[in-house]
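Here's the structure we're looking at; comments come further down.
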Amino acid sequence: MSEKMRTLTEPFKIKMVEPLKVTTEEYRKEALKKAGYNPFLLKSSDVFIDFLTDSGTGAMSDKQWAGIMMGDESYAGARSWEHLEKVVKDLTGMPYILPTHQGRAAERILYGILGGKGKVFISNTHFDTTRANIEFTGATAIDIVYEEAEDPEADLPFKGNIHLEKLRELIKKHGKENIAAVIITVTNNSSGGQPVSMANVQALRKICDEYGLLLVIDGCRIAENAYFIKHREEGFSNKSCEEIAKQMLRLGDAFVMSAKKDAIVNIGGLLTVRNEELAVKCKNLLIISEGFTTYGGLAGRDMEALAIGLTEVFDEDYLHYRIRSTAYLGERLKSKGVPVVWPIGGHAVYVDAKKLYNQIPVEQFPGQALVCDLYIKGGIRAVEIGSLMFGKNDVNGKMIPAINELVRLAIPRRVYTQSHIDYVLDIFDDILELRNQKTGYKITYEPPFLRHFSALLEKNLK
Ligand code: F0G
């Protein structure tokens with residue numbers, strides 16, 4: 001299709017629609033108050049544009065829905081399992097494929113086996129469920145990105161890269177026998193949806209070989225990452241995104257995937273490993289906690305849709321639309337004067353709330369204040385990725401804030417049209433106008449793990 005085309009059109013048409021409820025600002029104020037100022041606790045029917053996550057929220061294609069009807073629901077050795085196993089083996093080049101009900105189930109199994117007290121996991125950035133599953137075993141999770149990646153304005157092509165020199169230091173410090181695994185998250189969700197270069201993973205592979213370490217690829221956005229490599233890294237412009245993803249996956253010893261992202265299904269996950277001994281341990285845990293090895297936590301129809309989605313996602317026109325449409329939102333926000341993490345990542349736009357709401361101290365969660373305003377002004381649901389999600393308390397109960405206070409606008413795959421996105425841009429005009437009148441929030445209830453999911457807050461009016 002012509003590169004001169006000005007409007008980025010969606011490379012699909014709509015066959016089935018789901019109505020959205022239009023609500024008033026008064027209604028939303030009440031709903032948010034009832035939800036303890038935590039949008040995770042809102043009813044989705046009260047949300048107009050749902051940017052909470054790109055996970056499990058994508059629209060399946062006609063072929064995937066047809067696959068749902070063709071699902072084989074046999075307990076063992078189902079046809080749908082054979083289909084899924086073939087697609088995943090082909091993609092990963094790994095011999096042992098385990099289906100799970102979602103990404104964190106794969107994490108619980110793999111890190112439950114590898115982890116334990118005294119063990120250390122090192123990653124570019126552990127996603128929150130990854131960290132929680134590791135810490136739950138008593139092990140430690142350490143994030144190492146390059147300093148520039150923590151600067152929301154540094155304009156670099158691969159801000160998701162793992163810090164290779166720091167990795168060597170950490171191996172020496174903790175001893176290679178205590179490093180349970182190195183995990184490379186592509187794209188790097190928690191630090192802005194930023195891509196990881198092939199060169200970085202190749203160098204990482206070399207270090208892992210040198211010290212005999214296990215390399216895990218958390219690749220739930222492996223196709224989006226491949227698009228960035230194709231367009232930003234030298235030597236890849238003539239390769240297909242699928243070839244690039246295959247090349248990267250062949251560098252790993254294990255692969256965990258939340259299929260709810262780049263396999264464009266509403267539920268599903270994968271764990272694949274290269275080593276037989278590890279595969280046997282994983283399969284034993286899979287059977288105890290998820291289900292038999294040929295369905296894991298999934299119905300046959302889910303596996304069918306997953307196999308089809310994992311193929312469709314590598315369509316070059318789809319990936320171009322996907323990455324460019326996310327950038328459309330981010331670039332326009334930036335030109336309005338909204339501070340955003342730059343460059344724009346694959347699945348989401350991250351707003352720098354510390355900058356936008358600079359009058360709110362980090363102890364009062366400026367990110368959460370923006371999340372609440374987006375809902376009240378526009379019925380838009382987003383998620384805070386800052387001190388509410390990652391902040392810790394020291395021994396005196398004083399908060400140690402996160403490095404950044406970001407708000408993630410995660411874009412579901414194939415769901416919203418450009419006019420939905422233009423509406424979001426209009427709401428940001430209201431936010432910019434009112435930003436200096438904003439107050440922060442304080443927590444009134446928090447659970448011991450993953451507090452952002454269920455914490456309750458109130459306005460800090462002091
Ligand atoms: N790894 C990464 C990089 C993720 O982004 C997620 C989920 C998981 C693992 C866990 O997968 O949800 O299927 O259990 N991320 C979602 C998000 C929840 O909103 O970014 P899961």
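Each chain of the structure tokens is named A, B, ... in the order shown, its residues numbered from 1; ligands are numbered from 1 in display order.
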
- Message: With only C-alpha atoms as the counted atoms, please give the residues lying no more than 9 Å from A:Arg104, apart from itself and same-chain residues fewer than 4 positions off, as an MDAnalysis selection string.
- Response: chainID A and resid 100 108:109 129:130 133 256:258 269

- Taking the backbone alone, and naming residues the way the document does, which bits of stretch 13-112 of chain A are strand (DSSP E) by DSSP, as a list in words? Ile49, Asp50, Tyr96, Ile97, Leu98, Pro99 and Thr100 of chain A

- Message: What does the list of residues within 6 Å of ligand 1 look like if you count only C-alpha atoms and all ligand atoms, written as a PyMOL selection string?
- Response: chain A and resi 53-55+102-104+127+129+185+189+218+258+260

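What separates atom CA of A:Ile179 from atom CA of A:Ile288 is a distance of 26.4 Å.
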
- Would you list, as a PyMOL selection string, the residues of stretch 228-297 of chain A that end up in helix (DSSP H, G or I) under DSSP run on this structure's backbone? chain A and resi 228-232+241-249+276-289

Print the selection's residues with N, CA, C and O atoms to a file, as a JSON list (two decimals), in the first residue's frame.
```json
[["chain", "number", "residue", "atom", "x", "y", "z"],
["A", 228, "PHE", "N", 9.95, -3.32, 15.59],
["A", 228, "PHE", "CA", 10.92, -2.26, 15.90],
["A", 228, "PHE", "C", 12.32, -2.64, 15.39],
["A", 228, "PHE", "O", 13.06, -1.80, 14.89],
["A", 229, "ILE", "N", 12.68, -3.91, 15.54],
["A", 229, "ILE", "CA", 13.99, -4.35, 15.05],
["A", 229, "ILE", "C", 14.06, -4.16, 13.54],
["A", 229, "ILE", "O", 15.03, -3.61, 13.00],
["A", 230, "LYS", "N", 13.02, -4.56, 12.86],
["A", 230, "LYS", "CA", 12.99, -4.45, 11.40],
["A", 230, "LYS", "C", 13.20, -2.99, 10.97],
["A", 230, "LYS", "O", 13.91, -2.73, 10.01],
["A", 231, "HIS", "N", 12.58, -2.07, 11.70],
["A", 231, "HIS", "CA", 12.62, -0.67, 11.27],
["A", 231, "HIS", "C", 13.72, 0.15, 11.92],
["A", 231, "HIS", "O", 14.00, 1.25, 11.46],
["A", 232, "ARG", "N", 14.36, -0.37, 12.98],
["A", 232, "ARG", "CA", 15.37, 0.45, 13.66],
["A", 232, "ARG", "C", 16.76, -0.15, 13.71],
["A", 232, "ARG", "O", 17.72, 0.57, 13.96],
["A", 241, "CYS", "N", 8.94, -9.77, 10.00],
["A", 241, "CYS", "CA", 8.87, -9.70, 11.47],
["A", 241, "CYS", "C", 8.87, -11.11, 12.06],
["A", 241, "CYS", "O", 9.43, -11.35, 13.13],
["A", 242, "GLU", "N", 8.25, -12.03, 11.35],
["A", 242, "GLU", "CA", 8.21, -13.41, 11.85],
["A", 242, "GLU", "C", 9.61, -14.02, 11.88],
["A", 242, "GLU", "O", 10.01, -14.66, 12.86],
["A", 243, "GLU", "N", 10.38, -13.76, 10.83],
["A", 243, "GLU", "CA", 11.77, -14.28, 10.80],
["A", 243, "GLU", "C", 12.58, -13.69, 11.95],
["A", 243, "GLU", "O", 13.37, -14.37, 12.59],
["A", 244, "ILE", "N", 12.35, -12.41, 12.21],
["A", 244, "ILE", "CA", 13.10, -11.73, 13.28],
["A", 244, "ILE", "C", 12.73, -12.33, 14.64],
["A", 244, "ILE", "O", 13.60, -12.62, 15.47],
["A", 245, "ALA", "N", 11.44, -12.55, 14.86],
["A", 245, "ALA", "CA", 10.99, -13.13, 16.13],
["A", 245, "ALA", "C", 11.59, -14.53, 16.30],
["A", 245, "ALA", "O", 12.06, -14.90, 17.38],
["A", 246, "LYS", "N", 11.59, -15.30, 15.22],
["A", 246, "LYS", "CA", 12.15, -16.67, 15.28],
["A", 246, "LYS", "C", 13.63, -16.62, 15.62],
["A", 246, "LYS", "O", 14.11, -17.41, 16.44],
["A", 247, "GLN", "N", 14.33, -15.70, 15.01],
["A", 247, "GLN", "CA", 15.78, -15.56, 15.28],
["A", 247, "GLN", "C", 16.01, -15.23, 16.76],
["A", 247, "GLN", "O", 16.88, -15.81, 17.40],
["A", 248, "MET", "N", 15.20, -14.33, 17.29],
["A", 248, "MET", "CA", 15.39, -13.95, 18.70],
["A", 248, "MET", "C", 15.06, -15.12, 19.64],
["A", 248, "MET", "O", 15.80, -15.40, 20.58],
["A", 249, "LEU", "N", 13.96, -15.81, 19.35],
["A", 249, "LEU", "CA", 13.55, -16.90, 20.25],
["A", 249, "LEU", "C", 14.56, -18.04, 20.27],
["A", 249, "LEU", "O", 14.68, -18.75, 21.26],
["A", 276, "GLU", "N", 15.34, -31.00, 28.56],
["A", 276, "GLU", "CA", 14.38, -32.06, 28.87],
["A", 276, "GLU", "C", 14.11, -32.18, 30.37],
["A", 276, "GLU", "O", 12.96, -32.32, 30.80],
["A", 277, "GLU", "N", 15.19, -32.11, 31.16],
["A", 277, "GLU", "CA", 15.05, -32.28, 32.61],
["A", 277, "GLU", "C", 14.15, -31.17, 33.19],
["A", 277, "GLU", "O", 13.26, -31.44, 34.01],
["A", 278, "LEU", "N", 14.38, -29.96, 32.73],
["A", 278, "LEU", "CA", 13.56, -28.84, 33.19],
["A", 278, "LEU", "C", 12.11, -29.01, 32.70],
["A", 278, "LEU", "O", 11.16, -28.74, 33.44],
["A", 279, "ALA", "N", 11.97, -29.51, 31.48],
["A", 279, "ALA", "CA", 10.63, -29.71, 30.91],
["A", 279, "ALA", "C", 9.83, -30.70, 31.75],
["A", 279, "ALA", "O", 8.63, -30.50, 32.02],
["A", 280, "VAL", "N", 10.49, -31.77, 32.21],
["A", 280, "VAL", "CA", 9.80, -32.78, 33.02],
["A", 280, "VAL", "C", 9.30, -32.17, 34.33],
["A", 280, "VAL", "O", 8.15, -32.36, 34.73],
["A", 281, "LYS", "N", 10.18, -31.38, 34.96],
["A", 281, "LYS", "CA", 9.77, -30.71, 36.22],
["A", 281, "LYS", "C", 8.59, -29.78, 35.97],
["A", 281, "LYS", "O", 7.64, -29.73, 36.75],
["A", 282, "CYS", "N", 8.67, -29.03, 34.90],
["A", 282, "CYS", "CA", 7.59, -28.08, 34.59],
["A", 282, "CYS", "C", 6.29, -28.82, 34.30],
["A", 282, "CYS", "O", 5.21, -28.42, 34.75],
["A", 283, "LYS", "N", 6.39, -29.92, 33.56],
["A", 283, "LYS", "CA", 5.18, -30.68, 33.21],
["A", 283, "LYS", "C", 4.51, -31.24, 34.46],
["A", 283, "LYS", "O", 3.28, -31.27, 34.55],
["A", 284, "ASN", "N", 5.33, -31.69, 35.42],
["A", 284, "ASN", "CA", 4.75, -32.21, 36.66],
["A", 284, "ASN", "C", 3.95, -31.14, 37.37],
["A", 284, "ASN", "O", 2.83, -31.39, 37.82],
["A", 285, "LEU", "N", 4.51, -29.96, 37.44],
["A", 285, "LEU", "CA", 3.79, -28.85, 38.11],
["A", 285, "LEU", "C", 2.57, -28.43, 37.29],
["A", 285, "LEU", "O", 1.54, -28.05, 37.85],
["A", 286, "LEU", "N", 2.71, -28.50, 35.99],
["A", 286, "LEU", "CA", 1.60, -28.13, 35.10],
["A", 286, "LEU", "C", 0.40, -29.03, 35.36],
["A", 286, "LEU", "O", -0.74, -28.57, 35.50],
["A", 287, "ILE", "N", 0.67, -30.33, 35.47],
["A", 287, "ILE", "CA", -0.42, -31.28, 35.68],
["A", 287, "ILE", "C", -1.09, -31.05, 37.04],
["A", 287, "ILE", "O", -2.32, -31.11, 37.16],
["A", 288, "ILE", "N", -0.28, -30.76, 38.06],
["A", 288, "ILE", "CA", -0.85, -30.54, 39.39],
["A", 288, "ILE", "C", -1.69, -29.27, 39.43],
["A", 288, "ILE", "O", -2.76, -29.23, 40.02],
["A", 289, "SER", "N", -1.22, -28.22, 38.74],
["A", 289, "SER", "CA", -1.87, -26.93, 38.96],
["A", 289, "SER", "C", -2.68, -26.39, 37.79],
["A", 289, "SER", "O", -3.60, -25.59, 38.00]]
```

- Residues within 12 Å of A:Lys89, only C-alpha atoms, excluding chain neighbours under 5 positions, as a list in words: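 Contacts, in chain order: Trp81, Glu82, His83, Leu84, Met94, Pro95, Tyr96, Ile97, Leu98, Lys246, Leu249, Arg250, Phe255, Leu270, Leu271, Thr272, Val273, Arg274, Ala307 and Leu310 of chain A.
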
For stretch 84-168 of chain A versus stretch 392-410 of chain A, which residues have an atom no more than 12 Å away, and what is each residue's nearest atom pair and distance in Å rounded to one decimal, using only C-alpha atoms, chain-then-number order, as a tab-separated table?
```
residue	atom	partner	partner_atom	distance
A:Asp143	CA	A:Ile403	CA	12.0
A:Glu147	CA	A:Ile403	CA	11.1
A:Ala149	CA	A:Asn404	CA	11.0
A:Glu150	CA	A:Ile403	CA	7.4
A:Asp151	CA	A:Asn404	CA	8.6
A:Pro152	CA	A:Asn404	CA	8.4
A:Glu153	CA	A:Asn404	CA	11.9
```

- Using only C-alpha atoms, determine which residues lie at most 8 Å from A:Val196, disregarding the query and same-chain residues fewer than 2 positions distant; provide the list as JSON, numbers by chain. {"A": [158, 159, 160, 161, 162, 186, 187, 188, 194, 198, 200, 201, 225, 229]}

What does the file look like for those residues with C-alpha atoms, as a PDB file, in the first residue's frame?
```pdb
ATOM      1  CA  PHE A 158      16.203   0.340  22.031  1.00  0.00           C
ATOM      2  CA  LYS A 159      15.519   1.631  25.507  1.00  0.00           C
ATOM      3  CA  GLY A 160      14.364  -1.826  26.591  1.00  0.00           C
ATOM      4  CA  ASN A 161      17.885  -3.284  26.414  1.00  0.00           C
ATOM      5  CA  ILE A 162      19.341  -5.080  29.420  1.00  0.00           C
ATOM      6  CA  VAL A 186      10.446  -7.965  25.003  1.00  0.00           C
ATOM      7  CA  THR A 187       9.139  -5.350  24.646  1.00  0.00           C
ATOM      8  CA  ASN A 188       9.996  -3.994  28.071  1.00  0.00           C
ATOM      9  CA  GLN A 194      10.368  -0.060  24.761  1.00  0.00           C
ATOM     10  CA  MET A 198      18.699  -8.307  18.547  1.00  0.00           C
ATOM     11  CA  ASN A 200      21.454  -6.944  22.964  1.00  0.00           C
ATOM     12  CA  VAL A 201      19.937 -10.434  23.149  1.00  0.00           C
ATOM     13  CA  ASN A 225       9.413  -6.024  19.284  1.00  0.00           C
ATOM     14  CA  ILE A 229      13.991  -4.346  15.049  1.00  0.00           C
TER      15      ILE A 229
END
```

Could you name the residues that touch A:Arg322 at 9 Å or less, counting only C-alpha atoms, but leaving out those on the same chain fewer than 5 positions away, as a PDB file with N, CA, C and O atoms, in the first residue's frame?
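Saved file out_17.pdb follows:
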```
ATOM      1  N   GLU A  10      -7.264   1.460   9.530  1.00  0.00           N
ATOM      2  CA  GLU A  10      -7.223   0.145  10.151  1.00  0.00           C
ATOM      3  C   GLU A  10      -7.285  -0.918   9.036  1.00  0.00           C
ATOM      4  O   GLU A  10      -8.170  -0.835   8.186  1.00  0.00           O
ATOM      5  N   GLU A 224       5.594  -7.313  18.235  1.00  0.00           N
ATOM      6  CA  GLU A 224       5.755  -5.857  18.245  1.00  0.00           C
ATOM      7  C   GLU A 224       7.238  -5.508  18.344  1.00  0.00           C
ATOM      8  O   GLU A 224       7.733  -4.602  17.670  1.00  0.00           O
ATOM      9  N   ASP A 317       1.109  -5.868   7.508  1.00  0.00           N
ATOM     10  CA  ASP A 317       0.183  -4.715   7.474  1.00  0.00           C
ATOM     11  C   ASP A 317      -0.428  -4.492   8.857  1.00  0.00           C
ATOM     12  O   ASP A 317      -0.608  -3.376   9.301  1.00  0.00           O
ATOM     13  N   ALA A 327       1.732   5.067  17.988  1.00  0.00           N
ATOM     14  CA  ALA A 327       2.570   6.266  17.856  1.00  0.00           C
ATOM     15  C   ALA A 327       1.706   7.500  17.541  1.00  0.00           C
ATOM     16  O   ALA A 327       2.015   8.604  17.991  1.00  0.00           O
ATOM     17  N   GLY A 346       5.469   0.084  21.881  1.00  0.00           N
ATOM     18  CA  GLY A 346       4.638  -0.692  20.976  1.00  0.00           C
ATOM     19  C   GLY A 346       3.168  -0.772  21.339  1.00  0.00           C
ATOM     20  O   GLY A 346       2.300  -0.581  20.489  1.00  0.00           O
ATOM     21  N   HIS A 347       2.879  -1.077  22.597  1.00  0.00           N
ATOM     22  CA  HIS A 347       1.499  -1.390  22.954  1.00  0.00           C
ATOM     23  C   HIS A 347       0.824  -0.288  23.740  1.00  0.00           C
ATOM     24  O   HIS A 347      -0.351  -0.422  24.096  1.00  0.00           O
ATOM     25  N   ARG A 413      -5.723  -4.521  21.064  1.00  0.00           N
ATOM     26  CA  ARG A 413      -5.457  -4.781  19.647  1.00  0.00           C
ATOM     27  C   ARG A 413      -6.754  -4.880  18.838  1.00  0.00           C
ATOM     28  O   ARG A 413      -7.652  -5.643  19.205  1.00  0.00           O
ATOM     29  N   ARG A 414      -6.821  -4.122  17.758  1.00  0.00           N
ATOM     30  CA  ARG A 414      -7.912  -4.164  16.768  1.00  0.00           C
ATOM     31  C   ARG A 414      -9.275  -3.774  17.348  1.00  0.00           C
ATOM     32  O   ARG A 414     -10.303  -4.239  16.872  1.00  0.00           O
TER      33      ARG A 414
END
```

- Item | Closest of A:Tyr227, A:Ile49, A:Arg435, A:Glu316 to A:Val338 - atom-to-atom distances counting only C-alpha atoms |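 For A:Val338, the nearest of the candidates is A:Arg435.
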
- Just the residues within 8 Å of A:Gln364, please, counting only C-alpha atoms, with nothing from its chain fewer than 5 positions along; format it as a PyMOL selection string. chain A and resi 440-442+460

Report the closest atom pair, with its distance in Å rounded to one decimal, for each residue of stretch 44-121 of chain A that has an atom no farther than 12 Å from stretch 30-35 of chain A; count only C-alpha atoms, sort by chain and then rising residue number, and write it as JSON lines.
```
{"residue": "A:Ser44", "atom": "CA", "partner": "A:Ala31", "partner_atom": "CA", "distance": 11.0}
{"residue": "A:Ser45", "atom": "CA", "partner": "A:Ala31", "partner_atom": "CA", "distance": 10.9}
{"residue": "A:Asp46", "atom": "CA", "partner": "A:Ala31", "partner_atom": "CA", "distance": 7.7}
{"residue": "A:Val47", "atom": "CA", "partner": "A:Ala31", "partner_atom": "CA", "distance": 9.9}
```

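Candidate residues A:Leu114, A:Leu41, A:Met16, A:Ile217 were compared for distance to A:Phe453, and the nearest is A:Leu41, using only C-alpha atoms.
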
- Task: Using only C-alpha atoms, determine which residues lie at most 12 Å from A:Pro448, disregarding the query and same-chain residues fewer than 6 positions distant; provide the list as a VMD selection string.
- Result: chain A and resid 132 136 389 392 to 393 454 to 455

Just C-alpha atoms for this one: save the residues we selected as a PDB file, in the first residue's frame.
```pdb
ATOM      1  CA  ALA A 132       5.700 -11.173  42.507  1.00  0.00           C
ATOM      2  CA  PHE A 136       6.892 -15.324  46.435  1.00  0.00           C
ATOM      3  CA  MET A 389       2.453   0.073  41.738  1.00  0.00           C
ATOM      4  CA  LYS A 392       7.806   0.474  48.932  1.00  0.00           C
ATOM      5  CA  ASN A 393       7.869   1.562  52.565  1.00  0.00           C
ATOM      6  CA  SER A 454      -7.031  -3.657  45.042  1.00  0.00           C
ATOM      7  CA  ALA A 455      -5.779  -0.672  47.054  1.00  0.00           C
TER       8      ALA A 455
END
```

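If you look at atom CA of A:Leu251 and atom CA of A:Ala226, they are 14.0 Å away from each other.
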
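Taking atom CA of A:Val415 as the reference point, atom CA of A:Ser325 is found at 11.7 Å.
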